[in-house]
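Text of start_3.cif (mmCIF, C-alpha atoms) as supplied:
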```
data_data
loop_
_atom_site.label_atom_id
_atom_site.label_comp_id
_atom_site.auth_asym_id
_atom_site.auth_seq_id
_atom_site.Cartn_x
_atom_site.Cartn_y
_atom_site.Cartn_z
CA MET K 1 60.59 35.09 -26.13
CA LYS K 2 59.84 38.79 -25.62
CA LEU K 3 56.71 40.86 -26.17
CA TYR K 4 57.24 44.46 -27.28
CA ASP K 5 54.39 46.36 -25.70
CA SER K 6 53.14 49.91 -25.40
CA GLN K 7 50.87 50.98 -22.56
CA ARG K 8 49.56 53.96 -24.54
CA ALA K 9 48.30 52.22 -27.68
CA PRO K 10 45.14 50.14 -28.08
CA ASN K 11 46.47 47.20 -30.14
CA PRO K 12 49.04 45.99 -27.58
CA ARG K 13 46.22 45.92 -25.01
CA ARG K 14 44.43 43.31 -27.14
CA VAL K 15 47.38 40.95 -26.64
CA ARG K 16 47.66 41.73 -22.91
CA ILE K 17 43.97 40.93 -22.38
CA PHE K 18 44.28 37.77 -24.49
CA LEU K 19 47.26 36.54 -22.43
CA ALA K 20 45.42 37.34 -19.19
CA GLU K 21 42.42 35.26 -20.33
CA LYS K 22 44.80 32.39 -21.13
CA GLY K 23 46.77 32.80 -17.90
CA ILE K 24 50.03 33.14 -19.86
CA THR K 25 52.92 35.38 -18.74
CA VAL K 26 55.76 36.44 -21.07
CA PRO K 27 58.70 38.85 -20.63
CA VAL K 28 57.69 42.33 -21.78
CA GLU K 29 59.62 45.36 -23.03
CA GLN K 30 57.89 48.74 -23.19
CA VAL K 31 58.33 50.86 -26.34
CA ASP K 32 57.43 54.56 -26.13
CA ILE K 33 55.37 55.46 -29.20
CA ILE K 34 55.10 59.16 -28.39
CA ALA K 35 58.94 59.32 -28.24
CA LYS K 36 58.87 57.49 -31.64
CA GLU K 37 60.95 54.61 -30.27
CA HIS K 38 59.03 52.27 -32.62
CA LEU K 39 60.33 54.26 -35.60
CA ASP K 40 63.95 54.95 -34.72
CA GLY K 41 64.95 53.20 -31.47
CA PRO K 42 66.67 49.78 -31.30
CA PHE K 43 63.20 48.26 -31.66
CA ALA K 44 62.92 49.70 -35.19
CA ARG K 45 65.91 47.61 -36.31
CA ILE K 46 64.18 44.43 -35.13
CA ILE K 47 60.70 45.15 -36.52
CA PRO K 48 60.82 46.05 -40.23
CA PHE K 49 57.38 47.69 -40.36
CA GLY K 50 57.73 49.47 -36.98
CA LEU K 51 54.47 47.99 -35.75
CA LEU K 52 53.43 47.33 -32.17
CA PRO K 53 52.83 44.95 -30.52
CA ALA K 54 55.52 42.54 -31.72
CA LEU K 55 56.57 39.15 -30.40
CA GLU K 56 60.23 38.13 -30.73
CA LEU K 57 60.66 34.36 -30.58
CA ASP K 58 63.72 32.62 -29.17
CA GLY K 59 64.94 31.69 -32.67
CA GLY K 60 64.85 35.40 -33.62
CA ALA K 61 61.65 35.31 -35.73
CA VAL K 62 59.37 38.28 -35.12
CA ILE K 63 55.56 38.23 -35.28
CA THR K 64 53.67 41.53 -35.55
CA GLU K 65 49.91 42.14 -35.71
CA SER K 66 47.98 41.61 -32.46
CA ILE K 67 45.77 38.88 -33.85
CA ALA K 68 48.72 36.95 -35.31
CA ILE K 69 50.39 37.04 -31.87
CA CYS K 70 47.14 35.89 -30.23
CA ARG K 71 46.81 33.02 -32.74
CA TYR K 72 50.36 31.92 -31.93
CA PHE K 73 49.47 31.57 -28.26
CA GLU K 74 46.12 29.93 -29.11
CA ALA K 75 48.04 27.28 -31.11
CA LEU K 76 50.52 26.75 -28.24
CA GLN K 77 47.82 26.60 -25.58
CA PRO K 78 44.36 25.93 -27.08
CA LYS K 79 42.36 26.29 -23.84
CA PRO K 80 40.34 28.33 -23.13
CA ALA K 81 39.54 28.54 -26.86
CA LEU K 82 39.22 32.21 -27.82
CA PHE K 83 39.10 31.69 -31.61
CA GLY K 84 36.46 28.91 -31.59
CA GLU K 85 36.66 25.14 -32.00
CA THR K 86 33.90 24.06 -34.43
CA PRO K 87 33.81 25.29 -38.07
CA ILE K 88 30.79 27.51 -37.42
CA ASP K 89 32.23 29.01 -34.21
CA ILE K 90 35.61 29.60 -35.89
CA ALA K 91 33.83 31.40 -38.74
CA ARG K 92 31.50 33.43 -36.48
CA ILE K 93 34.34 34.59 -34.24
CA GLU K 94 36.51 35.57 -37.21
CA MET K 95 33.54 37.38 -38.74
CA TRP K 96 32.74 39.38 -35.62
CA ASN K 97 36.36 40.13 -34.83
CA ARG K 98 36.71 41.54 -38.34
CA LEU K 99 33.38 43.37 -38.34
CA VAL K 100 34.41 45.10 -35.12
CA GLU K 101 37.85 45.89 -36.56
CA HIS K 102 36.71 47.20 -39.95
CA GLU K 103 33.36 48.78 -39.16
CA PHE K 104 34.14 50.17 -35.70
CA PHE K 105 37.73 50.06 -34.33
CA ARG K 106 39.19 51.44 -37.59
CA HIS K 107 36.82 54.40 -37.46
CA VAL K 108 37.44 55.07 -33.75
CA ALA K 109 41.20 54.99 -34.45
CA ASN K 110 40.89 57.26 -37.51
CA ALA K 111 38.84 59.77 -35.52
CA PHE K 112 41.74 59.95 -33.06
CA ARG K 113 44.62 59.82 -35.57
CA HIS K 114 43.13 62.50 -37.81
CA SER K 115 42.09 64.99 -35.14
CA HIS K 116 44.16 64.64 -31.95
CA PRO K 117 47.08 67.09 -31.47
CA ALA K 118 49.25 64.24 -30.06
CA MET K 119 49.12 62.54 -33.49
CA LYS K 120 50.28 65.57 -35.47
CA GLU K 121 53.77 64.13 -35.99
CA LEU K 122 52.71 60.50 -36.50
CA GLU K 123 49.76 60.91 -38.86
CA LYS K 124 50.75 63.18 -41.74
CA PRO K 125 48.62 64.67 -43.09
CA GLN K 126 45.81 64.75 -40.55
CA ILE K 127 42.60 64.92 -42.61
CA SER K 128 39.93 66.54 -40.45
CA GLU K 129 37.11 65.58 -42.85
CA LEU K 130 38.07 61.93 -42.37
CA ALA K 131 37.95 62.33 -38.57
CA GLY K 132 34.36 63.59 -38.85
CA VAL K 133 33.20 60.83 -41.21
CA SER K 134 34.89 58.24 -38.99
CA ARG K 135 33.04 59.46 -35.89
CA ASP K 136 29.70 59.07 -37.69
CA ARG K 137 30.56 55.56 -38.91
CA ALA K 138 31.71 54.37 -35.49
CA LEU K 139 28.37 55.42 -34.00
CA THR K 140 26.42 53.88 -36.90
CA PHE K 141 28.10 50.55 -36.18
CA LEU K 142 27.11 50.66 -32.50
CA GLN K 143 23.51 51.34 -33.52
CA LYS K 144 23.51 48.27 -35.77
CA LEU K 145 25.24 46.21 -33.10
CA ASP K 146 22.73 46.98 -30.35
CA PRO K 147 19.88 44.68 -31.51
CA GLU K 148 22.42 41.89 -32.19
CA LEU K 149 23.56 42.02 -28.56
CA GLY K 150 19.94 41.80 -27.43
CA GLY K 151 19.96 38.15 -28.49
CA ARG K 152 23.25 36.89 -27.09
CA ARG K 153 25.70 37.50 -24.29
CA PHE K 154 28.90 38.12 -26.26
CA LEU K 155 29.76 39.48 -29.71
CA ALA K 156 30.12 36.15 -31.49
CA GLY K 157 27.78 34.00 -29.39
CA ASP K 158 27.31 32.88 -25.81
CA SER K 159 31.03 32.43 -25.10
CA PHE K 160 33.68 35.10 -24.60
CA SER K 161 36.04 35.29 -27.60
CA VAL K 162 38.80 37.35 -29.16
CA ALA K 163 36.06 39.42 -30.84
CA ASP K 164 35.04 40.69 -27.39
CA ILE K 165 38.63 41.69 -26.72
CA THR K 166 38.76 43.75 -29.92
CA GLY K 167 35.36 45.26 -29.11
CA LEU K 168 36.32 46.18 -25.53
CA VAL K 169 39.61 47.79 -26.57
CA ALA K 170 37.92 49.73 -29.37
CA MET K 171 35.11 50.91 -27.12
CA ASP K 172 37.49 52.06 -24.38
CA PHE K 173 39.48 53.93 -27.05
CA MET K 174 36.39 56.01 -27.94
CA LYS K 175 37.27 58.38 -25.08
CA VAL K 176 40.46 59.74 -26.67
CA SER K 177 38.58 59.99 -29.97
CA ARG K 178 35.98 62.16 -28.18
CA LEU K 179 33.22 59.65 -28.85
CA GLN K 180 30.60 58.39 -26.45
CA CYS K 181 28.24 55.42 -26.70
CA PRO K 182 24.67 56.79 -26.83
CA PRO K 183 22.87 55.88 -23.53
CA ALA K 184 19.94 54.45 -25.55
CA LEU K 185 22.09 51.52 -26.73
CA ALA K 186 21.31 49.43 -23.65
CA ASN K 187 22.49 46.11 -25.09
CA VAL K 188 25.88 47.52 -26.11
CA LEU K 189 26.30 49.08 -22.67
CA ARG K 190 25.30 45.84 -20.91
CA TRP K 191 27.87 43.91 -22.99
CA HIS K 192 30.55 46.54 -22.33
CA SER K 193 29.85 46.39 -18.61
CA ASP K 194 30.10 42.56 -18.65
CA VAL K 195 33.43 42.39 -20.48
CA SER K 196 34.86 45.28 -18.45
CA ALA K 197 34.12 43.37 -15.24
CA ARG K 198 36.41 40.47 -16.21
CA PRO K 199 39.82 40.59 -14.47
CA SER K 200 41.54 40.53 -17.90
CA ALA K 201 40.14 44.00 -18.67
CA ASN K 202 42.76 45.47 -16.30
CA ALA K 203 45.61 44.13 -18.47
CA MET Q 1 24.67 26.44 -48.68
CA LYS Q 2 24.92 29.48 -50.95
CA LEU Q 3 27.73 31.95 -51.62
CA TYR Q 4 26.69 35.52 -52.43
CA ASP Q 5 29.32 36.73 -54.85
CA SER Q 6 30.08 39.81 -56.93
CA GLN Q 7 32.29 39.60 -60.01
CA ARG Q 8 33.09 43.31 -59.82
CA ALA Q 9 34.49 43.57 -56.28
CA PRO Q 10 37.88 42.40 -55.01
CA ASN Q 11 36.88 40.73 -51.72
CA PRO Q 12 34.58 38.08 -53.24
CA ARG Q 13 37.47 37.10 -55.54
CA ARG Q 14 39.52 36.18 -52.46
CA VAL Q 15 36.93 33.51 -51.61
CA ARG Q 16 36.68 32.27 -55.22
CA ILE Q 17 40.47 31.81 -55.42
CA PHE Q 18 40.51 30.12 -52.00
CA LEU Q 19 37.80 27.65 -53.07
CA ALA Q 20 39.63 26.97 -56.36
CA GLU Q 21 42.83 26.16 -54.42
CA LYS Q 22 40.84 23.78 -52.21
CA GLY Q 23 38.95 22.26 -55.15
CA ILE Q 24 35.60 23.08 -53.49
CA THR Q 25 32.47 24.05 -55.48
CA VAL Q 26 29.45 25.75 -53.89
CA PRO Q 27 26.23 27.21 -55.36
CA VAL Q 28 26.73 30.90 -56.11
CA GLU Q 29 24.36 33.86 -56.48
CA GLN Q 30 25.61 37.07 -58.08
CA VAL Q 31 24.80 40.39 -56.40
CA ASP Q 32 25.19 43.59 -58.45
CA ILE Q 33 27.00 46.15 -56.29
CA ILE Q 34 26.82 48.97 -58.85
CA ALA Q 35 23.01 48.52 -58.93
CA LYS Q 36 23.18 48.65 -55.07
CA GLU Q 37 21.54 45.20 -54.75
CA HIS Q 38 23.67 44.64 -51.64
CA LEU Q 39 22.03 47.64 -49.98
CA ASP Q 40 18.37 47.30 -50.97
CA GLY Q 41 17.76 44.05 -52.87
CA PRO Q 42 16.49 40.81 -51.26
CA PHE Q 43 20.13 40.17 -50.30
CA ALA Q 44 20.09 43.18 -47.99
CA ARG Q 45 17.38 41.56 -45.86
CA ILE Q 46 19.55 38.47 -45.36
CA ILE Q 47 22.86 40.24 -44.65
CA PRO Q 48 22.50 42.81 -41.87
CA PHE Q 49 25.65 44.76 -42.72
CA GLY Q 50 25.18 44.60 -46.51
CA LEU Q 51 28.66 43.14 -46.97
CA LEU Q 52 29.91 40.91 -49.78
CA PRO Q 53 30.89 38.14 -50.02
CA ALA Q 54 28.50 36.31 -47.70
CA LEU Q 55 27.94 32.61 -47.11
CA GLU Q 56 24.46 31.41 -46.19
CA LEU Q 57 24.54 28.05 -44.44
CA ASP Q 58 21.78 25.44 -44.67
CA GLY Q 59 20.60 26.22 -41.15
CA GLY Q 60 20.15 29.89 -42.16
CA ALA Q 61 23.23 31.30 -40.41
CA VAL Q 62 25.11 33.85 -42.49
CA ILE Q 63 28.89 34.39 -42.48
CA THR Q 64 30.30 37.60 -43.95
CA GLU Q 65 33.94 38.71 -44.26
CA SER Q 66 36.05 36.89 -46.88
CA ILE Q 67 38.55 35.54 -44.39
CA ALA Q 68 35.84 34.22 -42.06
CA ILE Q 69 34.28 32.36 -45.01
CA CYS Q 70 37.71 30.99 -45.98
CA ARG Q 71 38.33 29.83 -42.41
CA TYR Q 72 34.99 28.01 -42.42
CA PHE Q 73 36.05 25.99 -45.46
CA GLU Q 74 39.56 25.45 -44.03
CA ALA Q 75 37.95 23.94 -40.91
CA LEU Q 76 35.66 21.71 -43.04
CA GLN Q 77 38.47 20.62 -45.38
CA PRO Q 78 41.92 21.25 -43.86
CA LYS Q 79 43.99 20.22 -46.91
CA PRO Q 80 45.73 21.90 -48.63
CA ALA Q 81 46.36 24.04 -45.52
CA LEU Q 82 46.14 27.70 -46.53
CA PHE Q 83 46.20 29.15 -42.97
CA GLY Q 84 49.19 27.11 -41.72
CA GLU Q 85 49.47 24.06 -39.47
CA THR Q 86 52.26 24.69 -36.94
CA PRO Q 87 52.05 27.57 -34.40
CA ILE Q 88 54.77 29.57 -36.17
CA ASP Q 89 53.27 29.05 -39.64
CA ILE Q 90 49.79 29.95 -38.37
CA ALA Q 91 51.20 33.15 -36.85
CA ARG Q 92 53.30 34.08 -39.91
CA ILE Q 93 50.43 33.58 -42.34
CA GLU Q 94 48.04 35.60 -40.16
CA MET Q 95 50.69 38.33 -39.83
CA TRP Q 96 51.33 38.60 -43.58
CA ASN Q 97 47.67 38.36 -44.50
CA ARG Q 98 47.02 41.26 -42.14
CA LEU Q 99 50.06 43.29 -43.18
CA VAL Q 100 48.93 43.02 -46.80
CA GLU Q 101 45.36 43.95 -45.82
CA HIS Q 102 46.20 46.90 -43.56
CA GLU Q 103 49.34 48.33 -45.15
CA PHE Q 104 48.49 47.70 -48.81
CA PHE Q 105 45.01 46.45 -49.83
CA ARG Q 106 43.26 49.04 -47.63
CA HIS Q 107 45.21 51.85 -49.31
CA VAL Q 108 44.64 50.49 -52.83
CA ALA Q 109 40.91 50.26 -52.05
CA ASN Q 110 40.80 53.77 -50.53
CA ALA Q 111 42.57 55.21 -53.58
CA PHE Q 112 39.75 53.75 -55.68
CA ARG Q 113 36.84 54.50 -53.36
CA HIS Q 114 37.86 58.11 -52.79
CA SER Q 115 38.66 59.05 -56.40
CA HIS Q 116 36.77 56.89 -58.92
CA PRO Q 117 33.58 58.36 -60.43
CA ALA Q 118 31.87 54.93 -60.15
CA MET Q 119 32.10 55.20 -56.34
CA LYS Q 120 30.48 58.63 -56.08
CA GLU Q 121 27.19 57.18 -54.80
CA LEU Q 122 28.70 54.45 -52.59
CA GLU Q 123 31.49 56.39 -50.86
CA LYS Q 124 30.09 59.60 -49.43
CA PRO Q 125 31.95 61.86 -49.10
CA GLN Q 126 34.81 61.04 -51.43
CA ILE Q 127 37.90 62.64 -49.85
CA SER Q 128 40.40 63.32 -52.63
CA GLU Q 129 43.23 64.07 -50.17
CA LEU Q 130 42.78 60.56 -48.74
CA ALA Q 131 42.99 59.03 -52.23
CA GLY Q 132 46.38 60.72 -52.74
CA VAL Q 133 47.80 59.68 -49.36
CA SER Q 134 46.54 56.14 -49.94
CA ARG Q 135 48.33 55.87 -53.31
CA ASP Q 136 51.63 56.89 -51.67
CA ARG Q 137 51.20 54.39 -48.84
CA ALA Q 138 50.35 51.50 -51.17
CA LEU Q 139 53.57 52.11 -53.10
CA THR Q 140 55.60 52.50 -49.89
CA PHE Q 141 54.41 49.05 -48.81
CA LEU Q 142 55.51 47.45 -52.09
CA GLN Q 143 58.94 49.03 -51.67
CA LYS Q 144 59.28 47.52 -48.18
CA LEU Q 145 57.93 44.20 -49.41
CA ASP Q 146 60.40 43.81 -52.28
CA PRO Q 147 63.50 42.81 -50.23
CA GLU Q 148 61.33 40.41 -48.16
CA LEU Q 149 60.32 38.55 -51.33
CA GLY Q 150 63.98 38.29 -52.34
CA GLY Q 151 64.39 35.70 -49.58
CA ARG Q 152 61.37 33.47 -50.05
CA ARG Q 153 58.96 32.28 -52.69
CA PHE Q 154 55.62 33.36 -51.18
CA LEU Q 155 54.47 36.12 -48.85
CA ALA Q 156 54.51 34.11 -45.63
CA GLY Q 157 57.21 31.56 -46.47
CA ASP Q 158 57.92 28.88 -49.03
CA SER Q 159 54.32 27.64 -49.29
CA PHE Q 160 51.37 29.32 -50.96
CA SER Q 161 48.88 30.65 -48.36
CA VAL Q 162 45.82 32.83 -47.93
CA ALA Q 163 48.21 35.80 -47.60
CA ASP Q 164 49.17 35.31 -51.27
CA ILE Q 165 45.50 35.34 -52.23
CA THR Q 166 44.99 38.68 -50.48
CA GLY Q 167 48.18 40.02 -52.06
CA LEU Q 168 47.24 38.92 -55.57
CA VAL Q 169 43.72 40.36 -55.36
CA ALA Q 170 45.04 43.65 -53.96
CA MET Q 171 47.74 43.93 -56.58
CA ASP Q 172 45.34 43.24 -59.46
CA PHE Q 173 43.01 45.89 -58.01
CA MET Q 174 45.74 48.54 -58.37
CA LYS Q 175 44.68 49.03 -61.99
CA VAL Q 176 41.27 50.56 -61.19
CA SER Q 177 42.99 52.67 -58.51
CA ARG Q 178 45.35 53.98 -61.23
CA LEU Q 179 48.38 52.53 -59.51
CA GLN Q 180 51.23 50.60 -61.05
CA CYS Q 181 53.96 48.51 -59.44
CA PRO Q 182 57.32 50.21 -60.13
CA PRO Q 183 59.34 48.03 -62.60
CA ALA Q 184 62.35 48.21 -60.24
CA LEU Q 185 60.56 45.99 -57.69
CA ALA Q 186 61.72 42.79 -59.36
CA ASN Q 187 60.95 40.48 -56.42
CA VAL Q 188 57.37 41.74 -56.11
CA LEU Q 189 56.86 41.32 -59.86
CA ARG Q 190 58.35 37.79 -59.80
CA TRP Q 191 56.00 36.84 -56.96
CA HIS Q 192 53.01 38.40 -58.74
CA SER Q 193 53.85 36.51 -61.90
CA ASP Q 194 54.11 33.21 -59.97
CA VAL Q 195 50.78 33.53 -58.16
CA SER Q 196 49.04 34.82 -61.32
CA ALA Q 197 50.15 31.68 -63.18
CA ARG Q 198 48.24 29.38 -60.80
CA PRO Q 199 44.91 28.14 -62.25
CA SER Q 200 43.10 29.56 -59.19
CA ALA Q 201 43.97 33.12 -60.29
CA ASN Q 202 41.26 32.85 -62.98
CA ALA Q 203 38.55 32.39 -60.36
#
```

Represent the structure of the file as structure tokens.
Amino acid sequence: MKLYDSQRAPNPRRVRIFLAEKGITVPVEQVDIIAKEHLDGPFARIIPFGLLPALELDGGAVITESIAICRYFEALQPKPALFGETPIDIARIEMWNRLVEHEFFRHVANAFRHSHPAMKELEKPQISELAGVSRDRALTFLQKLDPELGGRRFLAGDSFSVADITGLVAMDFMKVSRLQCPPALANVLRWHSDVSARPSANA
Amino acid sequence: MKLYDSQRAPNPRRVRIFLAEKGITVPVEQVDIIAKEHLDGPFARIIPFGLLPALELDGGAVITESIAICRYFEALQPKPALFGETPIDIARIEMWNRLVEHEFFRHVANAFRHSHPAMKELEKPQISELAGVSRDRALTFLQKLDPELGGRRFLAGDSFSVADITGLVAMDFMKVSRLQCPPALANVLRWHSDVSARPSANA
């Protein structure tokens, strides 16, 4: 088993944090995205869609998509449960993981991809109007999220879940997208401070 | 329990097909998206993010996001398993469901949202450059998908899964995005014909 990782991209960090929360260690190979190794290095021959992170299993099968990799490890080692155990928890965690992905992380990423000079070669064409709209939508999501986090400790309830991992990674990625959480959103900042204090956040 | 549905949008259809495959019936209420009922009707007070479909549980909890709703029903009634049962199947199905969502469905939807006159009020601003890029990317995905489907019957393997539901809904939505599957992609067309022939496709 080998995990293809990239220290510079946000999605691989989701898997690293997930594995740290589970206490699982796997062999890792770094792929340099800026040098386009994911598009034309040896890695590209293994991973048809050139996506990172990717998990190569001993039989040769390859799993891409952070959340698919996380689900694989959740199935192998169910505890601590990061995708929920009861029907309602499973649904709530999936809902919040996806809300954070679609209504927040996607916009933070688009703000970066469509405006940052480092992405000029990887995101063609860069659409500056989309970067602007994405910045607004990312902040709108945080405003809607703030009252929600007034009533519970974590994104999907009172237990830490994979939704918090997605949220933490997305929020930390705001910096390169030149976005900042408004200081008035005290509940969001309290939550961010809590999840950042966990040892897994260093992964 | 009540499912808030919309006959005119693609995401609610994912849940309807899923329920048809499971043989589950739930009370349904239609929400008219074009009349903006999801943004300022009574529905909007129940669903904080104004997203469809949404499932209201008897205790009052509300689940949004198609896949979260599907996972709720999978947890209540595991058979037939549409999210996989073994670690590798669970991971493969999640991977393909997400690849179809991120590399295909998202682009088909953006081509529609950013070019169709009916979306003028709901997608502000419409970015015509994004519609064009999205059309190209949707077709690029189908080209990469075609050889994959030469080697297996369904998207994630030899069994029908939730990934096929996402794929079918996305492919049928190409029409309103003024996209067409190239006739040369015989494996994609064979797969589409197979999944369209299932009774659940009428849901």

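Going from atom CA of Q:Gln126 over to atom CA of Q:Leu179, you cover 17.9 Å.
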
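When the PyMOL selection byres ((chain K and resi 163) around 9) is evaluated on the file shown here, the picked residues come out as K:Leu82, K:Phe83, K:Ile93, K:Glu94, K:Met95, K:Trp96, K:Asn97, K:Arg98, K:Leu99, K:Val100, K:Glu101, K:Phe154, K:Leu155, K:Ala156, K:Phe160, K:Ser161, K:Val162, K:Asp164, K:Ile165, K:Thr166, K:Gly167, K:Leu168.
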
Once the PyMOL selection byres ((chain Q) within 9 of (chain K)) has been applied to the shown file, what residues remain in the selection, as a PyMOL selection string? chain Q and resi 48-49+61-76+86-96+98-99+124-125+127+129-130+133+144

Quote the spacing between atom CA of K:Leu3 and atom CA of K:Val26 in Å to one decimal place. 6.8 Å

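Atom CA of Q:Ala44 sits 17.4 Å away from atom CA of Q:Met1.
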
Answer key for the PyMOL selection byres ((chain Q and resi 131) around 10), residues as a CSV table (one decimal) with C-alpha atoms, in the coordinates of the input:
```
chain,number,residue,atom,x,y,z
Q,107,HIS,CA,45.2,51.8,-49.3
Q,108,VAL,CA,44.6,50.5,-52.8
Q,109,ALA,CA,40.9,50.3,-52.0
Q,110,ASN,CA,40.8,53.8,-50.5
Q,111,ALA,CA,42.6,55.2,-53.6
Q,112,PHE,CA,39.8,53.8,-55.7
Q,113,ARG,CA,36.8,54.5,-53.4
Q,114,HIS,CA,37.9,58.1,-52.8
Q,115,SER,CA,38.7,59.0,-56.4
Q,116,HIS,CA,36.8,56.9,-58.9
Q,126,GLN,CA,34.8,61.0,-51.4
Q,127,ILE,CA,37.9,62.6,-49.8
Q,128,SER,CA,40.4,63.3,-52.6
Q,129,GLU,CA,43.2,64.1,-50.2
Q,130,LEU,CA,42.8,60.6,-48.7
Q,132,GLY,CA,46.4,60.7,-52.7
Q,133,VAL,CA,47.8,59.7,-49.4
Q,134,SER,CA,46.5,56.1,-49.9
Q,135,ARG,CA,48.3,55.9,-53.3
Q,136,ASP,CA,51.6,56.9,-51.7
Q,177,SER,CA,43.0,52.7,-58.5
```

Using only C-alpha atoms, pick whichever of K:Asp40, K:Asp172, K:Asp158, K:Glu56 has the shortest atom-to-atom distance to K:Phe104.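 Closest to K:Phe104 of all the choices is K:Asp172.
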
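Distances to K:Ala138 were evaluated for K:Arg106, K:Arg152, K:Arg16, K:Lys120 using all atoms listed in the file, and the minimum falls at K:Arg106.
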
With distances taken over only C-alpha atoms, which of K:Phe43, K:Gly151, K:Pro10, K:Pro80 is nearest to K:Lys175? K:Pro10

12 Å contact set for K:Ala35, all atoms listed in the file, chain neighbours under 5 positions out, as a ChimeraX atom specification: /K:6,8,30,40-41,118-119,121-122

To box stretch 23-26 of chain K, take all atoms listed in the file, fit an axis-aligned box, add 5 Å on each side, and give centre and edge lengths in Å to one decimal, as JSON.
```
{"center_x": 51.3, "center_y": 34.6, "center_z": -19.5, "size_x": 19.0, "size_y": 13.6, "size_z": 13.2}
```

Assuming the input is short of atoms at stretch 11-26 of chain K, produce N, CA and C atoms for that part as a compact mmCIF listing (two decimals), in the coordinates of the input.
```txt
# COMPACT_ATOMS: atom_id res chain seq x y z
N ASN K 11 46.21 48.56 -29.65
CA ASN K 11 46.47 47.20 -30.14
C ASN K 11 47.26 46.32 -29.17
N PRO K 12 48.33 46.84 -28.55
CA PRO K 12 49.04 45.99 -27.58
C PRO K 12 48.13 45.52 -26.44
N ARG K 13 47.14 46.34 -26.09
CA ARG K 13 46.22 45.92 -25.01
C ARG K 13 45.43 44.67 -25.40
N ARG K 14 45.15 44.52 -26.70
CA ARG K 14 44.43 43.31 -27.14
C ARG K 14 45.23 42.07 -26.76
N VAL K 15 46.54 42.11 -26.97
CA VAL K 15 47.38 40.95 -26.64
C VAL K 15 47.45 40.76 -25.13
N ARG K 16 47.58 41.86 -24.37
CA ARG K 16 47.66 41.73 -22.91
C ARG K 16 46.40 41.09 -22.35
N ILE K 17 45.23 41.52 -22.85
CA ILE K 17 43.97 40.93 -22.38
C ILE K 17 43.91 39.44 -22.76
N PHE K 18 44.29 39.14 -24.00
CA PHE K 18 44.28 37.77 -24.49
C PHE K 18 45.14 36.87 -23.59
N LEU K 19 46.35 37.33 -23.28
CA LEU K 19 47.26 36.54 -22.43
C LEU K 19 46.68 36.39 -21.02
N ALA K 20 46.04 37.43 -20.52
CA ALA K 20 45.42 37.34 -19.19
C ALA K 20 44.30 36.30 -19.18
N GLU K 21 43.50 36.26 -20.25
CA GLU K 21 42.42 35.26 -20.33
C GLU K 21 42.98 33.84 -20.39
N LYS K 22 44.16 33.70 -21.02
CA LYS K 22 44.80 32.39 -21.13
C LYS K 22 45.60 32.03 -19.88
N GLY K 23 45.90 33.04 -19.05
CA GLY K 23 46.77 32.80 -17.90
C GLY K 23 48.22 32.59 -18.30
N ILE K 24 48.65 33.27 -19.36
CA ILE K 24 50.03 33.14 -19.86
C ILE K 24 50.80 34.41 -19.50
N THR K 25 52.04 34.24 -19.03
CA THR K 25 52.92 35.38 -18.74
C THR K 25 54.14 35.30 -19.64
N VAL K 26 54.53 36.41 -20.26
CA VAL K 26 55.76 36.44 -21.07
C VAL K 26 56.56 37.69 -20.70
```
